[in-house]
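First comes the structure, then the notes that go with it.
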Amino acid sequence: MVRGGMTKIISLLVILIVGGLAAWWLTPKPLVNYGYKVVNKIPHDRGAFTQGLLFHEGFFYESTGGYGTSSVRKVQLEGGVVRLRWDLDASLFGEGLTLWDNQLVQITWRSRKGFVYDLDGLKLAREFTYNSEGWGLTTNGVDLFMSDGSDKIYVLNPMTFTNRRNLEVHDSKGPIKNLNELEYIEGKIWANIWQTDDLVIINPQNGRVEGRLSLKGLRSTQDTYGGEDVLNGIAYDADEKRIFVTGKRWAYIYQIELERKSP
Ligand SMILES: [Ca+2]
């Protein structure tokens, strides 16, 4: 009898613990709000209408937009000197940029045309097409993630550029639209929200926004900027865990550290 009673109690405890863990696991975690601290700033070409930014082995690689001003660039960290530059045809508007298998992949805004460059010398290796506007681009090394200004992130095969699945980016209040430049950082997708000072941190499995970073005040501390010259451009140095952000025609690329605000 005693043994039977103990078994029942243990069973009940196991059910309670497993149930509690399941409930905890399934309940959406509250969104974490972050502020920032500037720890370094690097000069940035005021002619660069930044649409894509990444960091690799001591250099930034940058895609710039505008008709007649679109390019892909290799930019030195020290002093922000542009070391290599490939200009796009004036009919094309450069957008997101990522590095996959030692090649740079660049998309364009409305022409549904993308380009692959050899990292060495920024030589054009091949072109590809896709079926949406192109805004931001990043990778986790397995998939490409592409935004188009909506709340969707297209998950693409990096070799064929065909669609594997879509993420619908949302928080507890609904869809998050205007997703722009992207960066894959420590298992999450970071995205600029066009025309705002906010970045969102997205779960790449389900599209849920898990964090929001306000960069309010970052650009007002520097030169004045035109209406289009919004925050855009996130790069991550995975080796030294450095986060860099900039904007279109901004005077600086900022290295920042996050400060958790709430909860
Ligand atoms: Ca980026």
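Residue numbering restarts at 1 for every chain of the structure tokens, chains are lettered A, B, ... in their displayed order, and ligands are numbered from 1 as they appear.
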
At a cut-off of 8 Å, can you tabulate as a tab-separated table every residue of chain A near ligand 1 together with its closest atom pair and the distance in Å to one decimal, using only C-alpha atoms and all ligand atoms and ordering rows by chain then number?
```
residue	atom	partner	partner_atom_place_in_ligand_line	distance
A:Gly52	CA	ligand 1	1 (Ca)	5.3
A:Leu53	CA	ligand 1	1 (Ca)	4.2
A:Leu54	CA	ligand 1	1 (Ca)	4.7
A:Gly96	CA	ligand 1	1 (Ca)	7.3
A:Leu97	CA	ligand 1	1 (Ca)	6.7
A:Thr98	CA	ligand 1	1 (Ca)	6.8
A:Gly136	CA	ligand 1	1 (Ca)	7.4
A:Leu137	CA	ligand 1	1 (Ca)	6.8
A:Thr138	CA	ligand 1	1 (Ca)	6.1
A:Glu181	CA	ligand 1	1 (Ca)	5.8
A:Leu182	CA	ligand 1	1 (Ca)	4.7
A:Glu183	CA	ligand 1	1 (Ca)	4.2
A:Tyr184	CA	ligand 1	1 (Ca)	7.6
A:Gly233	CA	ligand 1	1 (Ca)	5.7
A:Ile234	CA	ligand 1	1 (Ca)	4.4
A:Ala235	CA	ligand 1	1 (Ca)	4.8
A:Tyr236	CA	ligand 1	1 (Ca)	7.6
```

Kindly export the residues of the current selection with C-alpha atoms, as a PDB file, in the first residue's frame.
```pdb
ATOM      1  CA  GLY A  52      23.618  45.820 -47.376  1.00  0.00           C
ATOM      2  CA  LEU A  53      26.483  45.451 -44.911  1.00  0.00           C
ATOM      3  CA  LEU A  54      28.505  42.552 -43.559  1.00  0.00           C
ATOM      4  CA  GLY A  96      21.000  43.338 -49.709  1.00  0.00           C
ATOM      5  CA  LEU A  97      24.361  41.621 -49.546  1.00  0.00           C
ATOM      6  CA  THR A  98      25.582  38.444 -47.888  1.00  0.00           C
ATOM      7  CA  GLY A 136      17.712  42.716 -47.239  1.00  0.00           C
ATOM      8  CA  LEU A 137      19.802  39.549 -47.410  1.00  0.00           C
ATOM      9  CA  THR A 138      21.683  37.401 -44.899  1.00  0.00           C
ATOM     10  CA  GLU A 181      18.588  45.138 -44.036  1.00  0.00           C
ATOM     11  CA  LEU A 182      19.266  41.834 -42.284  1.00  0.00           C
ATOM     12  CA  GLU A 183      22.024  40.164 -40.319  1.00  0.00           C
ATOM     13  CA  TYR A 184      22.217  36.684 -38.827  1.00  0.00           C
ATOM     14  CA  GLY A 233      22.987  48.336 -42.283  1.00  0.00           C
ATOM     15  CA  ILE A 234      23.866  45.702 -39.694  1.00  0.00           C
ATOM     16  CA  ALA A 235      27.127  43.741 -39.709  1.00  0.00           C
ATOM     17  CA  TYR A 236      28.445  41.155 -37.258  1.00  0.00           C
TER      18      TYR A 236
END
```

Using only C-alpha atoms, determine which residues lie at most 12 Å from His170 in chain A, disregarding the query and same-chain residues fewer than 2 positions distant; provide the list as an MDAnalysis selection string.
chainID A and resid 31 150:153 167:168 172:179 200:204 206:212

Near Tyr67 in chain A, within 10 Å and counting only C-alpha atoms, which residues show up once chain neighbours fewer than 3 positions away are dropped, as a list in words?
Thr64, Ser70, Ser71, Leu88, Asp89, Ala90, Ser91, Leu92, Phe93 and Gly94 of chain A

DSSP on the backbone: what in range 10-127 of chain A comes out strand (DSSP E or B), as a PyMOL selection string?
chain A and resi 32-43+50-56+59-64+71-76+82-87+94-100+103-108+113-118+123-127

From the set A:Gln205, A:Asn140, A:Ser214, A:Asn40, which residue has the shortest atom-to-atom contact distance to Leu77 in chain A, counting only C-alpha atoms?
A:Asn40

Neighbouring residues of Gly247 in chain A were defined as those with any atom within 6 Å, considering only C-alpha atoms; residues of the same chain fewer than 6 positions away were excluded. Please report them as a PyMOL selection string.
chain A and resi 230-233

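Here the question is which of A:Asn33, A:Ser11, A:Thr69, A:Asn180 gets nearest to Arg249 in chain A using only C-alpha atoms, and that residue is A:Thr69.
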
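Nearest residue to Lys113 in chain A among A:Gly134, A:Gly79, A:Gly35, A:Gly141 is A:Gly134, counting only C-alpha atoms.
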
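DSSP secondary structure from the backbone places A:Leu13, A:Val14, A:Ile15, A:Leu16, A:Ile17, A:Val18, A:Gly19, A:Gly20, A:Leu21, A:Ala22, A:Ala23, A:Trp24, A:Trp25, A:Leu26 of range 13-88 of chain A in alpha helix (DSSP H).
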
Can you spit out the residues from that selection as a tab-separated table (two decimals), in the first residue's frame, using C-alpha atoms?
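Wrote it out as out.tsv, contents follow:
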```tsv
chain	number	residue	atom	x	y	z
A	13	LEU	CA	4.94	14.94	-9.39
A	14	VAL	CA	6.35	13.85	-12.76
A	15	ILE	CA	3.12	14.90	-14.49
A	16	LEU	CA	3.19	18.28	-12.73
A	17	ILE	CA	6.85	18.89	-13.59
A	18	VAL	CA	6.53	17.79	-17.23
A	19	GLY	CA	3.27	19.76	-17.60
A	20	GLY	CA	4.83	22.84	-16.04
A	21	LEU	CA	7.87	22.61	-18.30
A	22	ALA	CA	5.66	22.16	-21.38
A	23	ALA	CA	3.53	25.17	-20.41
A	24	TRP	CA	6.69	27.25	-19.86
A	25	TRP	CA	8.11	26.09	-23.19
A	26	LEU	CA	4.91	26.82	-25.13
```

Would you compute the distance between CA of Arg112 in chain A and CA of Thr129 in chain A? Give it in Å to one decimal.
5.5 Å

When you look at Lys37 in chain A with a cut-off of 10 Å (counting only C-alpha atoms), what residues show up, excluding the ones that are within fewer than 2 positions of it in the same chain? I need them as a list in words.
Gly35, Val39, Asn40, Leu215, Leu218, Tyr254, Gln255, Ile256, Glu257, Leu258 and Glu259 of chain A

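Between CA of Asp198 in chain A and CA of Ser262 in chain A the interatomic distance comes to 15.2 Å.
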
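Minimum atom-to-atom distance to Arg164 in chain A, evaluated using only C-alpha atoms, belongs to A:Met146 out of A:Ile243, A:Met146, A:Ala191, A:Ile185.
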